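Enquirer: Here you go, this is start-v1.txt (compact mmCIF, C-alpha atoms).
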# COMPACT_ATOMS: atom_id res chain seq x y z
CA MET A 1 -23.17 -35.90 -29.06
CA ILE A 2 -22.37 -32.62 -27.32
CA PHE A 3 -18.87 -32.55 -25.84
CA HIS A 4 -18.67 -30.26 -22.79
CA ILE A 5 -15.41 -28.36 -22.26
CA ALA A 6 -14.35 -26.00 -19.48
CA VAL A 7 -11.80 -23.38 -20.59
CA CYS A 8 -10.35 -21.70 -17.51
CA ALA A 9 -7.93 -18.84 -18.26
CA GLU A 10 -7.42 -15.44 -16.68
CA ASP A 11 -5.93 -14.12 -19.93
CA PRO A 12 -8.95 -13.22 -22.11
CA SER A 13 -7.00 -13.63 -25.36
CA LEU A 14 -5.89 -17.13 -24.38
CA ARG A 15 -9.40 -18.00 -23.25
CA ALA A 16 -10.80 -16.86 -26.59
CA ALA A 17 -8.11 -18.71 -28.59
CA LEU A 18 -8.72 -22.01 -26.79
CA GLN A 19 -12.47 -21.67 -27.24
CA ARG A 20 -12.07 -20.88 -30.95
CA HIS A 21 -9.77 -23.86 -31.53
CA CYS A 22 -12.23 -26.20 -29.81
CA GLU A 23 -15.18 -24.89 -31.80
CA ASP A 24 -13.21 -25.09 -35.07
CA TYR A 25 -12.31 -28.71 -34.32
CA PHE A 26 -15.88 -29.77 -33.60
CA ALA A 27 -17.18 -27.88 -36.63
CA ARG A 28 -15.58 -30.69 -38.68
CA ARG A 29 -17.43 -33.41 -36.83
CA ALA A 30 -20.99 -34.74 -36.92
CA ASP A 31 -21.32 -33.84 -33.23
CA GLY A 32 -20.68 -30.54 -31.48
CA CYS A 33 -19.22 -28.94 -28.39
CA LEU A 34 -20.30 -26.62 -25.63
CA VAL A 35 -17.44 -24.52 -24.30
CA GLU A 36 -17.84 -22.75 -20.97
CA PRO A 37 -15.26 -19.96 -20.55
CA LEU A 38 -14.21 -19.32 -16.93
CA ASP A 39 -11.91 -16.47 -15.91
CA THR A 40 -10.47 -17.85 -12.66
CA PRO A 41 -9.69 -21.23 -11.06
CA ALA A 42 -12.03 -20.23 -8.23
CA ALA A 43 -14.86 -19.90 -10.76
CA LEU A 44 -14.07 -23.37 -12.10
CA LEU A 45 -14.25 -24.93 -8.64
CA ALA A 46 -17.46 -23.03 -7.92
CA ARG A 47 -19.06 -24.44 -11.08
CA ASP A 48 -17.94 -27.91 -10.04
CA ALA A 49 -19.57 -27.41 -6.64
CA GLU A 50 -22.76 -26.48 -8.51
CA SER A 51 -22.62 -29.94 -10.18
CA ALA A 52 -21.36 -28.68 -13.54
CA ARG A 53 -19.59 -31.57 -15.24
CA TYR A 54 -17.23 -31.47 -18.20
CA GLN A 55 -15.62 -34.01 -20.51
CA LEU A 56 -12.44 -31.95 -20.80
CA TYR A 57 -10.77 -29.25 -18.69
CA LEU A 58 -8.39 -26.75 -20.33
CA ILE A 59 -6.68 -24.72 -17.62
CA GLU A 60 -4.17 -21.88 -17.84
CA LEU A 61 -1.14 -21.90 -15.54
CA TRP A 62 0.19 -18.59 -14.29
CA GLY A 63 3.27 -18.23 -12.13
CA GLN A 64 7.04 -18.02 -12.06
CA PRO A 65 9.42 -20.96 -11.47
CA GLY A 66 10.37 -21.16 -7.81
CA GLY A 67 7.17 -19.44 -6.69
CA PRO A 68 4.00 -20.97 -5.26
CA LEU A 69 2.06 -23.47 -7.33
CA PRO A 70 -0.23 -21.74 -9.85
CA ALA A 71 -3.85 -21.47 -8.78
CA GLY A 72 -4.87 -23.37 -11.93
CA LEU A 73 -2.73 -26.32 -10.86
CA GLU A 74 -4.14 -26.24 -7.35
CA ALA A 75 -7.66 -26.22 -8.83
CA ALA A 76 -6.85 -29.20 -11.05
CA MET A 77 -5.56 -31.18 -8.08
CA GLU A 78 -8.70 -30.30 -6.14
CA LEU A 79 -10.84 -31.57 -9.02
CA ARG A 80 -8.96 -34.86 -8.88
CA ARG A 81 -9.48 -35.05 -5.12
CA ARG A 82 -13.20 -34.57 -5.76
CA GLY A 83 -13.15 -37.57 -8.06
CA ARG A 84 -13.28 -35.80 -11.42
CA ARG A 85 -11.59 -38.16 -13.88
CA ALA A 86 -12.29 -36.33 -17.14
CA PRO A 87 -9.28 -35.53 -19.35
CA LEU A 88 -7.43 -32.41 -18.25
CA ALA A 89 -4.81 -30.29 -20.01
CA PHE A 90 -2.84 -27.15 -19.21
CA ALA A 91 -1.74 -24.13 -21.21
CA ALA A 92 1.32 -22.26 -19.93
CA ARG A 93 3.97 -19.79 -21.09
CA THR A 94 6.81 -21.83 -19.60
CA PRO A 95 7.47 -25.58 -19.30
CA ALA A 96 8.47 -25.04 -15.66
CA TRP A 97 5.26 -26.54 -14.28
CA ALA A 98 5.10 -29.61 -16.54
CA TYR A 99 6.29 -32.04 -13.85
CA TYR A 100 3.64 -30.84 -11.41
CA ALA A 101 1.00 -30.88 -14.14
CA TYR A 102 1.39 -34.59 -14.69
CA ARG A 103 0.93 -35.16 -10.97
CA ALA A 104 -2.62 -33.99 -11.67
CA ASP A 105 -2.86 -36.70 -14.35
CA ALA A 106 -2.78 -34.17 -17.17
CA MET A 107 -3.30 -35.48 -20.68
CA GLN A 108 -1.30 -32.66 -22.30
CA TYR A 109 0.78 -29.58 -21.51
CA LEU A 110 0.41 -26.89 -24.19
CA LEU A 111 2.85 -24.03 -24.53
CA CYS A 112 1.37 -20.63 -25.34
CA PRO A 113 0.32 -19.43 -27.75
CA PRO A 114 -1.48 -22.72 -28.38
CA ARG A 115 -1.52 -23.80 -32.03
CA TYR A 116 -4.68 -25.25 -33.53
CA GLU A 117 -2.81 -28.42 -34.51
CA ALA A 118 -1.78 -29.05 -30.90
CA VAL A 119 -5.30 -28.47 -29.58
CA ALA A 120 -6.77 -30.71 -32.32
CA ALA A 121 -4.34 -33.51 -31.40
CA LEU A 122 -5.41 -33.16 -27.77
CA LEU A 123 -9.09 -33.29 -28.71
CA ASN A 124 -8.53 -36.36 -30.87
CA ARG A 125 -7.36 -38.14 -27.73
CA ALA A 126 -9.95 -36.63 -25.40
CA VAL A 127 -13.01 -37.59 -27.44
CA GLU A 128 -11.99 -41.25 -27.69
CA PRO A 129 -12.06 -43.57 -24.66
CA GLU A 130 -8.46 -44.44 -23.75
CA TYR A 131 -7.38 -42.68 -26.93
CA GLY A 132 -9.69 -44.85 -29.02
CA PRO A 133 -9.19 -47.81 -31.34
CA ALA A 134 -6.34 -47.63 -33.82
CA LEU A 135 -5.00 -49.51 -36.83
CA THR A 136 -1.32 -50.47 -37.10
CA LEU A 137 -0.30 -49.99 -40.72
CA PRO A 138 2.97 -51.10 -42.39
CA THR A 139 4.30 -48.23 -44.53
CA ALA A 140 7.54 -47.54 -46.38
CA ALA A 141 8.69 -45.51 -43.36
CA GLY A 142 7.82 -48.27 -40.87
CA LEU A 143 4.80 -49.15 -38.78
CA ARG A 144 2.31 -46.31 -38.37
CA VAL A 145 -0.49 -46.25 -35.79
CA LEU A 146 -3.64 -44.58 -37.15
CA PRO A 147 -6.44 -43.84 -34.65
CA PHE A 148 -9.82 -44.57 -36.23
CA ALA A 149 -11.03 -41.10 -35.27
CA GLN A 150 -8.31 -39.50 -37.43
CA ILE A 151 -9.19 -41.43 -40.60
CA GLU A 152 -11.52 -39.50 -42.92
CA TYR A 153 -11.69 -42.05 -45.72
CA ILE A 154 -9.73 -44.92 -47.24
CA GLU A 155 -9.01 -45.53 -50.91
CA CYS A 156 -7.50 -48.65 -52.49
CA THR A 157 -5.68 -48.30 -55.82
CA GLN A 158 -3.32 -50.80 -57.45
CA HIS A 159 -2.98 -52.88 -54.25
CA ILE A 160 -1.96 -49.78 -52.26
CA VAL A 161 -4.33 -48.56 -49.54
CA HIS A 162 -4.33 -44.81 -48.98
CA PHE A 163 -5.54 -43.56 -45.60
CA HIS A 164 -6.72 -39.95 -45.89
CA LEU A 165 -6.59 -38.36 -42.45
CA THR A 166 -8.68 -35.53 -41.01
CA SER A 167 -5.45 -33.50 -40.75
CA GLY A 168 -5.15 -33.52 -44.54
CA GLU A 169 -2.27 -36.03 -44.55
CA ALA A 170 -2.46 -39.15 -46.73
CA VAL A 171 -0.68 -42.30 -45.52
CA ALA A 172 -0.01 -45.10 -48.00
CA SER A 173 0.32 -48.76 -47.05
CA LEU A 174 2.83 -51.14 -48.52
CA SER A 175 1.57 -53.21 -51.45
CA GLN A 176 -1.18 -55.49 -50.14
CA ARG A 177 -1.46 -59.17 -51.04
CA VAL A 178 -4.77 -59.58 -49.23
CA PRO A 179 -8.18 -58.32 -50.39
CA PHE A 180 -9.05 -54.74 -49.49
CA LEU A 181 -12.01 -55.84 -47.39
CA ARG A 182 -9.83 -58.08 -45.23
CA LEU A 183 -7.70 -55.08 -44.29
CA ALA A 184 -10.89 -53.06 -43.70
CA THR A 185 -12.53 -55.66 -41.42
CA PRO A 186 -11.62 -54.00 -38.06
CA LEU A 187 -12.79 -50.62 -39.38
CA LEU A 188 -16.14 -51.99 -40.54
CA ALA A 189 -16.56 -53.86 -37.24
CA ASP A 190 -16.10 -50.60 -35.33
CA GLY A 191 -19.38 -49.26 -36.72
CA ARG A 192 -18.24 -45.81 -37.76
CA PHE A 193 -17.08 -46.82 -41.26
CA VAL A 194 -19.09 -47.90 -44.27
CA GLN A 195 -18.06 -49.10 -47.73
CA THR A 196 -19.36 -46.65 -50.34
CA HIS A 197 -17.61 -48.22 -53.34
CA ARG A 198 -15.52 -51.34 -53.92
CA SER A 199 -12.40 -49.19 -53.47
CA TYR A 200 -13.55 -46.77 -50.74
CA LEU A 201 -14.46 -46.75 -47.06
CA VAL A 202 -15.60 -43.57 -45.35
CA ASN A 203 -15.76 -42.45 -41.73
CA LEU A 204 -19.43 -41.64 -41.14
CA ALA A 205 -18.45 -38.90 -38.66
CA GLU A 206 -16.74 -37.08 -41.56
CA VAL A 207 -19.57 -37.36 -44.13
CA ARG A 208 -21.22 -34.03 -44.87
CA LEU A 209 -23.54 -34.74 -47.81
CA LEU A 210 -24.91 -37.59 -49.88
CA THR A 211 -25.86 -36.76 -53.45
CA PRO A 212 -26.75 -39.06 -56.38
CA GLY A 213 -23.61 -41.03 -57.16
CA GLU A 214 -21.40 -39.20 -54.67
CA VAL A 215 -20.36 -38.80 -51.03
CA GLN A 216 -19.03 -35.40 -49.98
CA MET A 217 -16.62 -35.38 -47.03
CA ALA A 218 -15.75 -32.74 -44.44
CA SER A 219 -12.47 -31.99 -46.22
CA GLY A 220 -14.32 -31.30 -49.47
CA ALA A 221 -13.34 -34.61 -51.06
CA ARG A 222 -16.02 -36.00 -53.39
CA LEU A 223 -16.04 -39.80 -53.55
CA PRO A 224 -17.94 -42.09 -55.93
CA MET A 225 -20.97 -44.03 -54.68
CA PRO A 226 -22.70 -46.43 -57.10
CA GLN A 227 -26.49 -46.34 -57.10
CA GLY A 228 -26.62 -49.88 -55.73
CA ARG A 229 -24.89 -48.81 -52.52
CA ALA A 230 -26.70 -45.51 -51.96
CA GLU A 231 -29.53 -46.79 -49.72
CA ARG A 232 -27.17 -48.87 -47.56
CA VAL A 233 -24.90 -45.87 -47.05
CA ARG A 234 -27.84 -43.60 -46.28
CA GLN A 235 -29.16 -46.01 -43.64
CA ALA A 236 -25.70 -46.39 -42.09
CA LEU A 237 -25.33 -42.61 -41.89
CA LEU A 238 -28.76 -42.18 -40.26
CA ALA A 239 -28.01 -44.93 -37.74
CA TRP A 240 -24.62 -43.40 -36.90
CA ARG A 241 -26.04 -39.93 -36.37
CA CYS A 242 -28.86 -41.32 -34.24
CA LYS A 243 -26.33 -43.21 -32.13
CA THR A 244 -24.04 -40.20 -31.62
CA SER A 245 -26.94 -37.86 -30.81
CA GLU A 246 -28.01 -40.21 -28.01
CA SER A 247 -24.47 -40.43 -26.55
Just give me the structure as structure tokens.

Expert:
Amino acid sequence: MIFHIAVCAEDPSLRAALQRHCEDYFARRADGCLVEPLDTPAALLARDAESARYQLYLIELWGQPGGPLPAGLEAAMELRRRGRRAPLAFAARTPAWAYYAYRADAMQYLLCPPRYEAVAALLNRAVEPEYGPALTLPTAAGLRVLPFAQIEYIECTQHIVHFHLTSGEAVASLSQRVPFLRLATPLLADGRFVQTHRSYLVNLAEVRLLTPGEVQMASGARLPMPQGRAERVRQALLAWRCKTSES
């Protein structure tokens, strides 16, 4: 899958930063992105009139509180009037325009300079329909909602299930009295996960390499894979990549 993103910013450094963050995020995935940098809101609307379509709009907001609405905000509202329903987010140096931004059905309002973590969180939501499926997990700190797209792999040890996230965080469940596979059922039913070992499930979108006896993940983690499971995992990975390339 190629995810198309319009980055509209008059500030060239901001435009470059947003593009870099998007490309860094998709470099971790099995799919990719195509970022089109645009230097003015007028250029964005012109591309829309030429039938250019995007799956995410990232738009800079210029302007001072009390002044006229920023051109980027006006352009976003025009896109909505034209029927463009793709996720849309703004980057601004002040929170002054946040109220108006959400009138354009903005998914997020980023304060400059945008941090990679904030852009990655936005992209996690944007690439999944209606924020995507999620698992509600009881933890020592309370219930935790884990979007499937943010789970890199899952490991079960001593009745504790450890969810290793793409952010690098590991979230541990409470002690489980049910079999590991029962907890994993909704993940396996989703199609993007496969069991590589009796104690491991992996997100196929995060697999980078299969070698004899091992699965290597995007984070660098190396997970065991018994010989008896190797062909099943290989077929699941091929099917997943075929599916995503056709999306």

Enquirer: Which of these residues is nearest to A:Glu60, using only C-alpha atoms: A:Ala86, A:Ala6, A:Leu143, A:Leu122?

Expert: A:Ala6

Enquirer: List the spatial neighbours of stretch 200-210 of chain A as number ranges by chain - criterion: any atom at most 7 Å away, all atoms listed in the file, same-chain residues fewer than 3 positions off excluded.

Expert: A: 29-30, 151-156, 192-197, 214-218, 237, 240

Enquirer: With all atoms listed in the file as the atoms that count, which of A:Cys33, A:Thr40, A:His159, A:Tyr100 lies nearest to A:Met77?

Expert: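 When distances to A:Met77 are compared using all atoms listed in the file, the smallest one comes from A:Tyr100.
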
Enquirer: Can you measure atom CA of A:Leu181 to atom CA of A:Ala239 for me? One decimal in Å is fine.

Expert: 21.6 Å

Enquirer: What does the distance from atom CA of A:Tyr54 to atom CA of A:Ile5 come to in Å, to one decimal?

Expert: 5.4 Å

Enquirer: Find the spatial neighbours of A:Pro138, counting all atoms listed in the file, within a cut-off of 9 Å - ignore same-chain residues fewer than 4 positions away - and output them as a PyMOL selection string.

Expert: chain A and resi 142-145+172-174

Enquirer: Quote the spacing between atom CA of A:Phe180 and atom CA of A:Gly220 in Å to one decimal place.

Expert: 24.0 Å

Enquirer: Find the residues around A:Ala52 up to 12 Å (all atoms listed in the file counted), leave out those fewer than 4 positions away in its own chain, and share them as a list of chain:residue names.

Expert: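 My list of contacting residues is A:His4, A:Ile5, A:Ala6, A:Glu36, A:Ala43, A:Leu44, A:Leu45, A:Ala46, A:Arg47, A:Asp48, A:Leu56, A:Tyr57, A:Leu79, A:Arg84.
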
Enquirer: Near A:Arg229, within 10 Å and counting only C-alpha atoms, which residues show up once chain neighbours fewer than 2 positions away are dropped, as a list in words?

Expert: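 Counting only the stated atoms, we get Gln195, Thr196, His197, Arg198, Gly213, Met225, Pro226, Gln227, Glu231, Arg232, Val233 and Arg234 of chain A.
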
Enquirer: Using all atoms listed in the file, which of the listed residues (A:Cys242, A:Val7, A:Ala76, A:Ala230) sits closest to A:Pro212?

Expert: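 The answer is A:Ala230, which sits nearest to A:Pro212.
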
Enquirer: Please enclose the listed atoms of stretch 212-216 of chain A in an axis-aligned box, pad each side by 6 Å, and write out the centre and the three edge lengths in Å, rounded to one decimal, as JSON.

Expert:
{"center_x": -22.9, "center_y": -38.2, "center_z": -53.6, "size_x": 19.7, "size_y": 17.6, "size_z": 19.2}

Enquirer: So which residues are close to (-9.2, -46.4, -37.2), meaning at most 9 Å away in the file's coordinates with only C-alpha atoms counted, and can you show them as a list in words?

Expert: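 I get Gly132, Pro133, Ala134, Leu135, Thr136, Val145, Leu146, Pro147, Phe148, Ala149, Gln150, Ile151, Pro186, Leu187, Asp190, Phe193 and Asn203 of chain A for the residues within 9 Å of that point.
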
Enquirer: Tell me which protein, DNA and RNA residues are within 10 Å of stretch 101-115 of chain A, counting all atoms listed in the file, leaving out same-chain ones fewer than 5 positions away, and put them as a ChimeraX atom specification.

Expert: /A:13-14,17-18,21,56-61,72-81,85-96,120-122,125-126
